[in-house]
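S.K.: Data file entry16.cif (mmCIF, C-alpha atoms) is appended below.
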```cif
data_final
loop_
_atom_site.group_PDB
_atom_site.id
_atom_site.type_symbol
_atom_site.label_atom_id
_atom_site.label_comp_id
_atom_site.auth_asym_id
_atom_site.auth_seq_id
_atom_site.Cartn_x
_atom_site.Cartn_y
_atom_site.Cartn_z
ATOM 1 C CA MET A 25 106.039 73.290 151.079
ATOM 2 C CA THR A 26 108.740 75.762 150.144
ATOM 3 C CA THR A 27 109.188 76.879 146.570
ATOM 4 C CA HIS A 28 112.449 78.154 145.273
ATOM 5 C CA SER A 29 112.587 80.568 142.383
ATOM 6 C CA LEU A 30 114.878 79.564 139.589
ATOM 7 C CA PRO A 31 117.932 81.794 139.179
ATOM 8 C CA ALA A 32 118.135 83.875 136.046
ATOM 9 C CA PRO A 33 120.272 82.363 133.279
ATOM 10 C CA ARG A 34 123.885 83.341 133.781
ATOM 11 C CA TRP A 35 124.193 84.869 130.310
ATOM 12 C CA ILE A 36 121.551 87.488 131.175
ATOM 13 C CA ASP A 37 123.776 88.808 133.976
ATOM 14 C CA ARG A 38 126.542 89.739 131.556
ATOM 15 C CA PRO A 39 126.520 93.501 130.886
ATOM 16 C CA ALA A 40 126.981 93.037 127.135
ATOM 17 C CA ASN A 41 123.974 90.703 126.885
ATOM 18 C CA LYS A 42 121.870 92.969 129.068
ATOM 19 C CA GLY A 43 122.847 95.752 126.711
ATOM 20 C CA LEU A 44 121.674 93.793 123.681
ATOM 21 C CA MET A 45 118.316 93.002 125.293
ATOM 22 C CA LEU A 46 117.722 96.607 126.353
ATOM 23 C CA GLY A 47 118.831 97.794 122.930
ATOM 24 C CA LEU A 48 116.333 95.451 121.282
ATOM 25 C CA LEU A 49 113.555 96.752 123.535
ATOM 26 C CA GLY A 50 114.423 100.298 122.503
ATOM 27 C CA VAL A 51 114.395 99.339 118.817
ATOM 28 C CA VAL A 52 110.950 97.738 119.102
ATOM 29 C CA ILE A 53 109.639 100.985 120.623
ATOM 30 C CA PHE A 54 111.368 103.114 117.965
ATOM 31 C CA ALA A 55 110.067 100.918 115.126
ATOM 32 C CA LEU A 56 106.592 102.383 115.634
ATOM 33 C CA THR A 57 107.862 105.958 115.391
ATOM 34 C CA LEU A 58 107.532 106.370 111.614
ATOM 35 C CA PRO A 59 104.041 104.826 111.338
ATOM 36 C CA MET A 60 102.830 106.864 114.318
ATOM 37 C CA THR A 61 104.381 110.037 112.908
ATOM 38 C CA ARG A 62 102.580 109.345 109.648
ATOM 39 C CA LEU A 63 99.305 109.123 111.586
ATOM 40 C CA ALA A 64 100.055 112.420 113.298
ATOM 41 C CA VAL A 65 101.008 114.457 110.218
ATOM 42 C CA GLY A 66 98.601 112.812 107.782
ATOM 43 C CA THR A 67 99.110 112.847 104.035
ATOM 44 C CA VAL A 68 99.261 115.508 101.329
ATOM 45 C CA ASP A 69 95.587 114.823 100.538
ATOM 46 C CA ALA A 70 94.486 114.640 104.200
ATOM 47 C CA PRO A 71 96.917 116.704 106.301
ATOM 48 C CA GLN A 72 96.694 116.651 110.090
ATOM 49 C CA MET A 73 99.328 118.245 112.351
ATOM 50 C CA SER A 74 102.274 120.112 110.926
ATOM 51 C CA GLY A 75 105.557 118.252 111.002
ATOM 52 C CA VAL A 76 107.145 121.078 113.003
ATOM 53 C CA PHE A 77 104.494 120.824 115.726
ATOM 54 C CA VAL A 78 104.767 117.035 115.926
ATOM 55 C CA ALA A 79 108.543 117.264 116.369
ATOM 56 C CA LEU A 80 108.591 120.130 118.862
ATOM 57 C CA GLY A 81 105.330 119.316 120.624
ATOM 58 C CA ARG A 82 106.410 115.782 121.415
ATOM 59 C CA ALA A 83 109.674 117.157 122.802
ATOM 60 C CA VAL A 84 107.714 119.505 125.093
ATOM 61 C CA VAL A 85 105.533 116.681 126.441
ATOM 62 C CA ALA A 86 108.596 114.489 127.010
ATOM 63 C CA ALA A 87 110.455 117.391 128.652
ATOM 64 C CA LEU A 88 107.626 117.959 131.143
ATOM 65 C CA LEU A 89 107.665 114.263 131.982
ATOM 66 C CA SER A 90 111.446 114.539 132.325
ATOM 67 C CA VAL A 91 111.217 117.374 134.835
ATOM 68 C CA ALA A 92 108.954 115.246 137.036
ATOM 69 C CA PHE A 93 111.274 112.242 136.665
ATOM 70 C CA LEU A 94 114.430 114.223 137.445
ATOM 71 C CA VAL A 95 112.833 115.674 140.585
ATOM 72 C CA ALA A 96 111.459 112.284 141.694
ATOM 73 C CA THR A 97 114.854 110.595 141.275
ATOM 74 C CA ARG A 98 116.795 113.526 142.777
ATOM 75 C CA ALA A 99 118.987 113.721 139.721
ATOM 76 C CA PRO A 100 122.160 115.772 140.129
ATOM 77 C CA LEU A 101 122.735 118.690 137.801
ATOM 78 C CA PRO A 102 124.915 117.876 134.784
ATOM 79 C CA ARG A 103 128.600 118.592 135.205
ATOM 80 C CA ARG A 104 130.122 121.426 133.209
ATOM 81 C CA GLU A 105 132.019 119.019 130.942
ATOM 82 C CA ASP A 106 128.754 117.209 130.145
ATOM 83 C CA LEU A 107 126.945 120.289 128.830
ATOM 84 C CA LEU A 108 128.437 120.222 125.334
ATOM 85 C CA PRO A 109 127.775 116.468 124.791
ATOM 86 C CA LEU A 110 124.237 117.028 126.127
ATOM 87 C CA ALA A 111 123.729 119.883 123.675
ATOM 88 C CA ILE A 112 124.963 117.700 120.790
ATOM 89 C CA THR A 113 122.698 114.858 121.918
ATOM 90 C CA SER A 114 119.771 117.269 122.081
ATOM 91 C CA ALA A 115 120.542 118.669 118.637
ATOM 92 C CA GLY A 116 120.535 115.154 117.190
ATOM 93 C CA VAL A 117 117.599 113.400 118.854
ATOM 94 C CA VAL A 118 115.401 116.240 120.161
ATOM 95 C CA PHE A 119 115.633 118.587 117.172
ATOM 96 C CA GLY A 120 117.265 117.035 114.091
ATOM 97 C CA PHE A 121 115.768 113.561 113.836
ATOM 98 C CA PRO A 122 112.195 114.476 114.901
ATOM 99 C CA LEU A 123 112.041 117.600 112.707
ATOM 100 C CA PHE A 124 113.392 115.958 109.571
ATOM 101 C CA THR A 125 111.281 112.807 109.887
ATOM 102 C CA SER A 126 108.071 114.605 110.875
ATOM 103 C CA VAL A 127 108.247 116.916 107.870
ATOM 104 C CA ALA A 128 109.205 114.087 105.504
ATOM 105 C CA MET A 129 106.542 111.627 106.647
ATOM 106 C CA ARG A 130 103.699 113.606 105.096
ATOM 107 C CA TYR A 131 105.190 112.923 101.662
ATOM 108 C CA VAL A 132 106.415 109.318 101.881
ATOM 109 C CA GLU A 133 104.854 106.149 103.214
ATOM 110 C CA ALA A 134 106.191 104.543 106.383
ATOM 111 C CA VAL A 135 107.165 101.402 104.454
ATOM 112 C CA HIS A 136 109.262 103.536 102.101
ATOM 113 C CA ALA A 137 110.879 105.433 104.983
ATOM 114 C CA SER A 138 111.712 102.161 106.748
ATOM 115 C CA VAL A 139 114.163 101.318 103.957
ATOM 116 C CA ILE A 140 116.011 104.588 104.600
ATOM 117 C CA VAL A 141 116.200 103.650 108.289
ATOM 118 C CA GLY A 142 118.135 100.547 107.226
ATOM 119 C CA VAL A 143 121.351 102.563 107.028
ATOM 120 C CA LEU A 144 121.048 103.776 110.639
ATOM 121 C CA PRO A 145 122.828 100.835 112.368
ATOM 122 C CA LEU A 146 125.967 101.293 110.320
ATOM 123 C CA ALA A 147 125.809 105.078 110.674
ATOM 124 C CA THR A 148 125.495 104.765 114.459
ATOM 125 C CA ALA A 149 128.374 102.289 114.590
ATOM 126 C CA ALA A 150 130.538 104.558 112.441
ATOM 127 C CA VAL A 151 129.872 107.643 114.578
ATOM 128 C CA GLY A 152 130.389 105.593 117.745
ATOM 129 C CA ALA A 153 133.712 104.269 116.451
ATOM 130 C CA LEU A 154 134.916 107.775 115.592
ATOM 131 C CA LEU A 155 133.728 109.208 118.905
ATOM 132 C CA HIS A 156 135.498 106.480 120.877
ATOM 133 C CA ARG A 157 138.602 106.846 118.689
ATOM 134 C CA GLN A 158 138.356 103.332 117.319
ATOM 135 C CA ARG A 159 139.708 102.430 113.898
ATOM 136 C CA PRO A 160 137.202 100.600 111.692
ATOM 137 C CA SER A 161 138.710 98.500 108.935
ATOM 138 C CA VAL A 162 138.511 99.248 105.227
ATOM 139 C CA GLY A 163 135.904 96.501 104.930
ATOM 140 C CA PHE A 164 133.724 98.228 107.523
ATOM 141 C CA TRP A 165 133.799 101.506 105.625
ATOM 142 C CA ALA A 166 133.193 99.692 102.328
ATOM 143 C CA CYS A 167 130.024 98.159 103.776
ATOM 144 C CA ALA A 168 128.962 101.567 105.113
ATOM 145 C CA ALA A 169 129.422 103.112 101.667
ATOM 146 C CA LEU A 170 127.580 100.273 99.923
ATOM 147 C CA GLY A 171 124.668 100.398 102.364
ATOM 148 C CA SER A 172 124.378 104.159 101.943
ATOM 149 C CA ALA A 173 124.514 103.804 98.157
ATOM 150 C CA LEU A 174 121.697 101.235 98.252
ATOM 151 C CA VAL A 175 119.535 103.544 100.357
ATOM 152 C CA VAL A 176 120.146 106.507 98.061
ATOM 153 C CA GLY A 177 119.539 104.272 95.019
ATOM 154 C CA PHE A 178 116.200 103.123 96.424
ATOM 155 C CA ALA A 179 115.186 106.703 97.185
ATOM 156 C CA VAL A 180 116.077 107.846 93.653
ATOM 157 C CA LEU A 181 114.278 104.862 92.096
ATOM 158 C CA ARG A 182 111.101 105.643 94.023
ATOM 159 C CA SER A 183 111.299 109.430 93.684
ATOM 160 C CA GLY A 184 109.077 109.389 90.610
ATOM 161 C CA SER A 185 111.237 112.025 88.939
ATOM 162 C CA ALA A 186 112.928 111.831 85.599
ATOM 163 C CA GLY A 187 116.642 111.315 85.858
ATOM 164 C CA LEU A 188 118.769 110.791 88.932
ATOM 165 C CA THR A 189 116.873 113.047 91.331
ATOM 166 C CA LEU A 190 116.521 112.593 95.057
ATOM 167 C CA HIS A 191 113.097 113.515 96.422
ATOM 168 C CA PRO A 192 113.357 116.281 99.060
ATOM 169 C CA ALA A 193 111.578 114.032 101.592
ATOM 170 C CA ASP A 194 114.217 111.335 101.128
ATOM 171 C CA ALA A 195 116.975 113.904 101.588
ATOM 172 C CA LEU A 196 115.304 114.901 104.869
ATOM 173 C CA LEU A 197 115.177 111.258 105.969
ATOM 174 C CA LEU A 198 118.869 110.781 105.211
ATOM 175 C CA ALA A 199 119.663 113.916 107.224
ATOM 176 C CA ALA A 200 117.523 112.487 110.032
ATOM 177 C CA MET A 201 119.584 109.292 110.055
ATOM 178 C CA LEU A 202 122.794 111.297 110.460
ATOM 179 C CA CYS A 203 121.262 113.314 113.310
ATOM 180 C CA ALA A 204 120.076 110.139 115.032
ATOM 181 C CA ALA A 205 123.481 108.477 114.699
ATOM 182 C CA VAL A 206 125.239 111.465 116.276
ATOM 183 C CA GLY A 207 122.642 111.783 119.035
ATOM 184 C CA TYR A 208 122.777 108.063 119.802
ATOM 185 C CA ALA A 209 126.569 107.979 119.974
ATOM 186 C CA TYR A 210 126.908 111.013 122.234
ATOM 187 C CA GLY A 211 124.004 109.920 124.419
ATOM 188 C CA ALA A 212 125.546 106.481 124.814
ATOM 189 C CA ARG A 213 128.839 108.020 125.852
ATOM 190 C CA LEU A 214 127.129 110.174 128.460
ATOM 191 C CA SER A 215 125.265 107.098 129.731
ATOM 192 C CA GLN A 216 128.592 105.635 130.833
ATOM 193 C CA ARG A 217 128.880 108.285 133.554
ATOM 194 C CA MET A 218 125.244 109.360 134.011
ATOM 195 C CA ARG A 219 122.068 107.357 134.444
ATOM 196 C CA ALA A 220 120.769 106.572 130.952
ATOM 197 C CA GLU A 221 117.343 107.898 131.908
ATOM 198 C CA HIS A 222 118.866 111.185 133.029
ATOM 199 C CA VAL A 223 120.708 111.647 129.736
ATOM 200 C CA ILE A 224 117.577 111.898 127.591
ATOM 201 C CA CYS A 225 115.755 113.819 130.332
ATOM 202 C CA TRP A 226 118.421 116.526 130.538
ATOM 203 C CA ALA A 227 118.688 116.646 126.728
ATOM 204 C CA LEU A 228 114.955 117.381 126.600
ATOM 205 C CA VAL A 229 114.971 119.864 129.479
ATOM 206 C CA ILE A 230 117.811 122.008 128.099
ATOM 207 C CA ALA A 231 115.893 122.203 124.803
ATOM 208 C CA LEU A 232 112.649 123.325 126.479
ATOM 209 C CA PRO A 233 113.317 127.099 126.182
ATOM 210 C CA LEU A 234 113.268 126.606 122.399
ATOM 211 C CA THR A 235 110.766 123.778 121.951
ATOM 212 C CA LEU A 236 108.017 125.253 124.154
ATOM 213 C CA PRO A 237 107.532 128.611 122.391
ATOM 214 C CA LEU A 238 107.965 127.085 118.927
ATOM 215 C CA ALA A 239 105.466 124.308 119.670
ATOM 216 C CA THR A 240 103.013 126.896 120.984
ATOM 217 C CA LEU A 241 103.320 128.951 117.801
ATOM 218 C CA THR A 242 102.791 125.919 115.528
ATOM 219 C CA ARG A 243 100.018 124.176 117.523
ATOM 220 C CA PRO A 244 97.035 122.903 115.491
ATOM 221 C CA GLN A 245 94.163 125.328 115.060
ATOM 222 C CA ALA A 246 91.695 122.982 113.358
ATOM 223 C CA VAL A 247 89.863 119.925 114.646
ATOM 224 C CA LEU A 248 91.952 116.814 113.965
ATOM 225 C CA GLN A 249 91.233 113.108 113.741
ATOM 226 C CA ALA A 250 91.625 111.128 116.949
ATOM 227 C CA SER A 251 94.201 108.919 115.219
ATOM 228 C CA ALA A 252 96.464 111.962 114.746
ATOM 229 C CA TRP A 253 96.445 112.621 118.497
ATOM 230 C CA TRP A 254 97.109 108.957 119.267
ATOM 231 C CA GLY A 255 100.075 109.018 116.901
ATOM 232 C CA PHE A 256 101.358 112.213 118.492
ATOM 233 C CA ALA A 257 100.943 110.783 122.010
ATOM 234 C CA TYR A 258 102.960 107.686 121.112
ATOM 235 C CA THR A 259 105.834 109.691 119.647
ATOM 236 C CA ALA A 260 105.883 111.967 122.713
ATOM 237 C CA VAL A 261 105.776 109.350 125.472
ATOM 238 C CA PHE A 262 107.448 106.348 123.877
ATOM 239 C CA SER A 263 109.556 107.485 120.889
ATOM 240 C CA MET A 264 110.868 110.640 122.576
ATOM 241 C CA TRP A 265 111.157 109.410 126.158
ATOM 242 C CA ILE A 266 110.662 105.813 127.330
ATOM 243 C CA GLY A 267 112.398 104.267 124.323
ATOM 244 C CA PHE A 268 115.599 106.156 125.161
ATOM 245 C CA PHE A 269 115.611 104.792 128.705
ATOM 246 C CA ALA A 270 116.202 101.324 127.299
ATOM 247 C CA TRP A 271 118.245 102.394 124.273
ATOM 248 C CA TYR A 272 120.889 104.509 125.995
ATOM 249 C CA ARG A 273 121.251 102.003 128.828
ATOM 250 C CA GLY A 274 121.724 99.243 126.257
ATOM 251 C CA LEU A 275 124.347 101.217 124.318
ATOM 252 C CA ALA A 276 126.226 102.022 127.529
ATOM 253 C CA LEU A 277 126.258 98.402 128.745
ATOM 254 C CA GLY A 278 126.949 96.634 125.464
ATOM 255 C CA GLY A 279 128.928 99.256 123.534
ATOM 256 C CA THR A 280 127.691 101.559 120.775
ATOM 257 C CA VAL A 281 129.316 99.693 117.884
ATOM 258 C CA ARG A 282 127.913 96.317 118.945
ATOM 259 C CA VAL A 283 124.446 97.183 120.284
ATOM 260 C CA SER A 284 123.677 99.568 117.417
ATOM 261 C CA GLN A 285 123.435 96.506 115.181
ATOM 262 C CA VAL A 286 120.164 95.374 116.807
ATOM 263 C CA GLN A 287 118.682 98.170 114.706
ATOM 264 C CA LEU A 288 118.888 95.610 111.910
ATOM 265 C CA VAL A 289 115.353 94.556 112.791
ATOM 266 C CA GLN A 290 113.929 98.103 112.907
ATOM 267 C CA PRO A 291 113.174 98.495 109.158
ATOM 268 C CA PHE A 292 111.304 95.194 109.071
ATOM 269 C CA LEU A 293 109.369 95.972 112.239
ATOM 270 C CA GLY A 294 108.507 99.400 110.863
ATOM 271 C CA MET A 295 107.184 97.841 107.675
ATOM 272 C CA LEU A 296 105.162 95.225 109.555
ATOM 273 C CA PHE A 297 103.609 97.899 111.794
ATOM 274 C CA ALA A 298 102.809 100.183 108.844
ATOM 275 C CA VAL A 299 100.756 97.597 106.967
ATOM 276 C CA PRO A 300 97.964 97.133 109.572
ATOM 277 C CA LEU A 301 98.174 100.638 111.077
ATOM 278 C CA LEU A 302 98.190 102.626 107.839
ATOM 279 C CA GLY A 303 96.949 100.127 105.280
ATOM 280 C CA GLU A 304 100.179 100.455 103.293
ATOM 281 C CA ARG A 305 101.412 97.855 100.836
ATOM 282 C CA LEU A 306 104.737 96.036 101.048
ATOM 283 C CA ASP A 307 106.002 95.251 97.536
ATOM 284 C CA ALA A 308 108.855 93.024 96.419
ATOM 285 C CA VAL A 309 111.175 95.873 95.346
ATOM 286 C CA THR A 310 110.933 97.606 98.726
ATOM 287 C CA LEU A 311 111.482 94.352 100.589
ATOM 288 C CA GLY A 312 114.399 93.479 98.313
ATOM 289 C CA PHE A 313 116.181 96.779 98.947
ATOM 290 C CA ALA A 314 115.569 96.438 102.680
ATOM 291 C CA ILE A 315 117.125 92.973 102.710
ATOM 292 C CA ALA A 316 120.106 94.212 100.675
ATOM 293 C CA VAL A 317 120.718 97.135 103.054
ATOM 294 C CA ILE A 318 120.449 94.876 106.084
ATOM 295 C CA ALA A 319 122.900 92.432 104.459
ATOM 296 C CA THR A 320 125.520 95.181 104.124
ATOM 297 C CA VAL A 321 125.051 96.084 107.793
ATOM 298 C CA PHE A 322 125.319 92.445 108.844
ATOM 299 C CA ILE A 323 128.532 91.994 106.854
ATOM 300 C CA GLY A 324 129.856 95.316 108.160
ATOM 301 C CA LYS A 325 129.268 94.108 111.713
ATOM 302 C CA LYS A 326 131.695 91.245 111.039
ATOM 303 C CA MET A 327 134.448 93.574 109.878
ATOM 304 C CA PRO A 328 137.116 94.357 112.505
ATOM 305 C CA VAL A 329 137.052 97.598 114.473
ATOM 306 C CA HIS A 330 140.418 98.115 116.122
ATOM 307 C CA ALA A 331 140.556 99.451 119.670
ATOM 308 C CA SER A 332 142.629 102.500 120.448
ATOM 309 C CA ALA A 333 143.578 104.582 123.459
ATOM 310 C CA PRO A 334 140.989 105.065 126.237
ATOM 311 C CA THR A 335 138.246 107.551 125.440
ATOM 312 C CA GLU A 336 138.769 111.066 126.710
ATOM 313 C CA HIS A 337 135.917 113.191 127.994
ATOM 314 C CA VAL A 338 134.373 115.516 125.463
#
```
Now that the file is in, can you turn its structure into structure tokens?
M.R.:
Amino acid sequence: MTTHSLPAPRWIDRPANKGLMLGLLGVVIFALTLPMTRLAVGTVDAPQMSGVFVALGRAVVAALLSVAFLVATRAPLPRREDLLPLAITSAGVVFGFPLFTSVAMRYVEAVHASVIVGVLPLATAAVGALLHRQRPSVGFWACAALGSALVVGFAVLRSGSAGLTLHPADALLLAAMLCAAVGYAYGARLSQRMRAEHVICWALVIALPLTLPLATLTRPQAVLQASAWWGFAYTAVFSMWIGFFAWYRGLALGGTVRVSQVQLVQPFLGMLFAVPLLGERLDAVTLGFAIAVIATVFIGKKMPVHASAPTEHV
């Protein structure tokens, strides 16, 4: 008796839909980054690794994995015109985002930080639109401004300071979102002419001359909890490496402006992961702000983004 395998649904074969699915896979992997970083750095009362080591050490581990992957896949060297976009990608996702978040996560809970992440989809879409010389509508920018204002308002409300003061950790998280948006947009653009896996690998490898000595200088000297090493291992292998394989491929197939919106689910996933992993509490105010931020992103996604002339190489 012969069995015939059923063909895959036709909609899965469409590049845009493949992009959305790969983008969602990347987001699920990234959603654990903040809780795992919190495990790695600890708290003010029970510190573990330094934020600098977590950021740079995970980049070193991922870079060593990248070297093996690039050799195994016989990856060609980057072209001269790709070096600057690779450097910008590296600055955003290898240095900026990991450093800012790792330092900040010792001082804020992962549930709190997940609200700040809520502005990332619109930030990524905005940077992607500018990079590809698209013209977002006034409504799009209005939603971007409102979402950013909600995030800053939440951070100020929860800063615990008198008056309208932004906690330094929240300022670091906002800077991290900008770095991530830039790194995502440039990495997605490179993924249109390079293998997505090679983009993050080369971004990590070109950073190795800086990350390796700095990680060595800041390595932990004391005995740490096993949970801190597990958190560090996750951020190194998944957050800094495997997650980008899916994410950059998804952005390249489905378009940065469109696929970036699957990050809508990242704040909620981050909150859900933080509760069992870290024993944190999810209160109504935090959830309310998260829903409000996501609503602005959802509405912003519906606003027109006008196409323009074909993208030129950077």
S.K.: Measuring atom to atom with all atoms listed in the file, identify which of A:Ala209, A:Ile53, A:Ala168, A:Ala134 is nearest to Ala193 of chain A.
M.R.: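 Closest candidate: A:Ala134.
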S.K.: Find, counting all atoms listed in the file, the residue in A:Pro39, A:Arg219, A:Gly120, A:Leu277 that gets nearest to Arg98 of chain A.
M.R.: A:Arg219
S.K.: Which residues, written as a PDB file with C-alpha atoms, keeping the file's coordinate frame, have at least one atom at most 12 Å from Thr242 of chain A, with all atoms listed in the file counted and residues fewer than 4 positions away on the same chain left out?
M.R.:
```pdb
ATOM      1  CA  MET A  73      99.328 118.245 112.351  1.00  0.00           C
ATOM      2  CA  SER A  74     102.274 120.112 110.926  1.00  0.00           C
ATOM      3  CA  GLY A  75     105.557 118.252 111.002  1.00  0.00           C
ATOM      4  CA  VAL A  76     107.145 121.078 113.003  1.00  0.00           C
ATOM      5  CA  PHE A  77     104.494 120.824 115.726  1.00  0.00           C
ATOM      6  CA  VAL A  78     104.767 117.035 115.926  1.00  0.00           C
ATOM      7  CA  ALA A  79     108.543 117.264 116.369  1.00  0.00           C
ATOM      8  CA  LEU A  80     108.591 120.130 118.862  1.00  0.00           C
ATOM      9  CA  GLY A  81     105.330 119.316 120.624  1.00  0.00           C
ATOM     10  CA  THR A 235     110.766 123.778 121.951  1.00  0.00           C
ATOM     11  CA  LEU A 236     108.017 125.253 124.154  1.00  0.00           C
ATOM     12  CA  PRO A 237     107.532 128.611 122.391  1.00  0.00           C
ATOM     13  CA  LEU A 238     107.965 127.085 118.927  1.00  0.00           C
ATOM     14  CA  ALA A 246      91.695 122.982 113.358  1.00  0.00           C
TER      15      ALA A 246
END
```
S.K.: Taking the file above as input, evaluate the PyMOL selection byres ((chain A and resi 301-307) around 12) and report the hits as a PDB file with C-alpha atoms, in the frame of the given file.
M.R.:
```pdb
ATOM      1  CA  LEU A  56     106.592 102.383 115.634  1.00  0.00           C
ATOM      2  CA  THR A  57     107.862 105.958 115.391  1.00  0.00           C
ATOM      3  CA  LEU A  58     107.532 106.370 111.614  1.00  0.00           C
ATOM      4  CA  PRO A  59     104.041 104.826 111.338  1.00  0.00           C
ATOM      5  CA  MET A  60     102.830 106.864 114.318  1.00  0.00           C
ATOM      6  CA  THR A  61     104.381 110.037 112.908  1.00  0.00           C
ATOM      7  CA  ARG A  62     102.580 109.345 109.648  1.00  0.00           C
ATOM      8  CA  LEU A  63      99.305 109.123 111.586  1.00  0.00           C
ATOM      9  CA  ALA A  64     100.055 112.420 113.298  1.00  0.00           C
ATOM     10  CA  GLY A  66      98.601 112.812 107.782  1.00  0.00           C
ATOM     11  CA  THR A  67      99.110 112.847 104.035  1.00  0.00           C
ATOM     12  CA  VAL A 132     106.415 109.318 101.881  1.00  0.00           C
ATOM     13  CA  GLU A 133     104.854 106.149 103.214  1.00  0.00           C
ATOM     14  CA  ALA A 134     106.191 104.543 106.383  1.00  0.00           C
ATOM     15  CA  VAL A 135     107.165 101.402 104.454  1.00  0.00           C
ATOM     16  CA  HIS A 136     109.262 103.536 102.101  1.00  0.00           C
ATOM     17  CA  ALA A 137     110.879 105.433 104.983  1.00  0.00           C
ATOM     18  CA  SER A 138     111.712 102.161 106.748  1.00  0.00           C
ATOM     19  CA  VAL A 139     114.163 101.318 103.957  1.00  0.00           C
ATOM     20  CA  SER A 251      94.201 108.919 115.219  1.00  0.00           C
ATOM     21  CA  ALA A 252      96.464 111.962 114.746  1.00  0.00           C
ATOM     22  CA  TRP A 254      97.109 108.957 119.267  1.00  0.00           C
ATOM     23  CA  GLY A 255     100.075 109.018 116.901  1.00  0.00           C
ATOM     24  CA  PRO A 291     113.174  98.495 109.158  1.00  0.00           C
ATOM     25  CA  PHE A 292     111.304  95.194 109.071  1.00  0.00           C
ATOM     26  CA  GLY A 294     108.507  99.400 110.863  1.00  0.00           C
ATOM     27  CA  MET A 295     107.184  97.841 107.675  1.00  0.00           C
ATOM     28  CA  LEU A 296     105.162  95.225 109.555  1.00  0.00           C
ATOM     29  CA  PHE A 297     103.609  97.899 111.794  1.00  0.00           C
ATOM     30  CA  ALA A 298     102.809 100.183 108.844  1.00  0.00           C
ATOM     31  CA  VAL A 299     100.756  97.597 106.967  1.00  0.00           C
ATOM     32  CA  PRO A 300      97.964  97.133 109.572  1.00  0.00           C
ATOM     33  CA  ALA A 308     108.855  93.024  96.419  1.00  0.00           C
ATOM     34  CA  VAL A 309     111.175  95.873  95.346  1.00  0.00           C
ATOM     35  CA  THR A 310     110.933  97.606  98.726  1.00  0.00           C
ATOM     36  CA  LEU A 311     111.482  94.352 100.589  1.00  0.00           C
ATOM     37  CA  GLY A 312     114.399  93.479  98.313  1.00  0.00           C
ATOM     38  CA  PHE A 313     116.181  96.779  98.947  1.00  0.00           C
ATOM     39  CA  ALA A 314     115.569  96.438 102.680  1.00  0.00           C
TER      40      ALA A 314
END
```
S.K.: For the file shown, report as a VMD selection string the outcome of the PyMOL selection byres ((chain A and resi 176) around 9) at residue level.
M.R.: chain A and resid 140 171 to 175 177 to 181 190 194 to 195 198
S.K.: Please expand the PyMOL selection byres ((chain A and resi 107-117) around 10) into the concrete residues it hits in this file, giving the result as an mmCIF file with C-alpha atoms, in the coordinates of the input.
M.R.:
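To be explicit, this is the file written out as part-v4.cif:
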```cif
data_model
loop_
_atom_site.group_PDB
_atom_site.id
_atom_site.type_symbol
_atom_site.label_atom_id
_atom_site.label_comp_id
_atom_site.auth_asym_id
_atom_site.auth_seq_id
_atom_site.Cartn_x
_atom_site.Cartn_y
_atom_site.Cartn_z
ATOM 1 C CA ALA A 83 109.674 117.157 122.802
ATOM 2 C CA PRO A 102 124.915 117.876 134.784
ATOM 3 C CA ARG A 103 128.600 118.592 135.205
ATOM 4 C CA ARG A 104 130.122 121.426 133.209
ATOM 5 C CA GLU A 105 132.019 119.019 130.942
ATOM 6 C CA ASP A 106 128.754 117.209 130.145
ATOM 7 C CA VAL A 118 115.401 116.240 120.161
ATOM 8 C CA PHE A 119 115.633 118.587 117.172
ATOM 9 C CA GLY A 120 117.265 117.035 114.091
ATOM 10 C CA PHE A 121 115.768 113.561 113.836
ATOM 11 C CA PRO A 122 112.195 114.476 114.901
ATOM 12 C CA LEU A 123 112.041 117.600 112.707
ATOM 13 C CA ALA A 200 117.523 112.487 110.032
ATOM 14 C CA MET A 201 119.584 109.292 110.055
ATOM 15 C CA LEU A 202 122.794 111.297 110.460
ATOM 16 C CA CYS A 203 121.262 113.314 113.310
ATOM 17 C CA ALA A 204 120.076 110.139 115.032
ATOM 18 C CA ALA A 205 123.481 108.477 114.699
ATOM 19 C CA VAL A 206 125.239 111.465 116.276
ATOM 20 C CA GLY A 207 122.642 111.783 119.035
ATOM 21 C CA TYR A 208 122.777 108.063 119.802
ATOM 22 C CA ALA A 209 126.569 107.979 119.974
ATOM 23 C CA TYR A 210 126.908 111.013 122.234
ATOM 24 C CA GLY A 211 124.004 109.920 124.419
ATOM 25 C CA ALA A 212 125.546 106.481 124.814
ATOM 26 C CA ARG A 213 128.839 108.020 125.852
ATOM 27 C CA LEU A 214 127.129 110.174 128.460
ATOM 28 C CA VAL A 223 120.708 111.647 129.736
ATOM 29 C CA ILE A 224 117.577 111.898 127.591
ATOM 30 C CA CYS A 225 115.755 113.819 130.332
ATOM 31 C CA TRP A 226 118.421 116.526 130.538
ATOM 32 C CA ALA A 227 118.688 116.646 126.728
ATOM 33 C CA LEU A 228 114.955 117.381 126.600
ATOM 34 C CA VAL A 229 114.971 119.864 129.479
ATOM 35 C CA ILE A 230 117.811 122.008 128.099
ATOM 36 C CA ALA A 231 115.893 122.203 124.803
ATOM 37 C CA MET A 264 110.868 110.640 122.576
ATOM 38 C CA PHE A 268 115.599 106.156 125.161
ATOM 39 C CA HIS A 337 135.917 113.191 127.994
ATOM 40 C CA VAL A 338 134.373 115.516 125.463
#
```
S.K.: Of the candidates A:Phe164, A:Tyr272, A:Trp265, A:Tyr258, which one gets nearest to Gln216 of chain A if we count all atoms listed in the file?
M.R.: A:Tyr272
S.K.: Identify which of the residues A:Ile266, A:Ile323, A:Val317, A:Val286 lies closest to Ala86 of chain A, counting all atoms listed in the file when measuring atom-to-atom distances.
M.R.: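 Ranking A:Ile266, A:Ile323, A:Val317, A:Val286 by distance to Ala86 of chain A, first place goes to A:Ile266.
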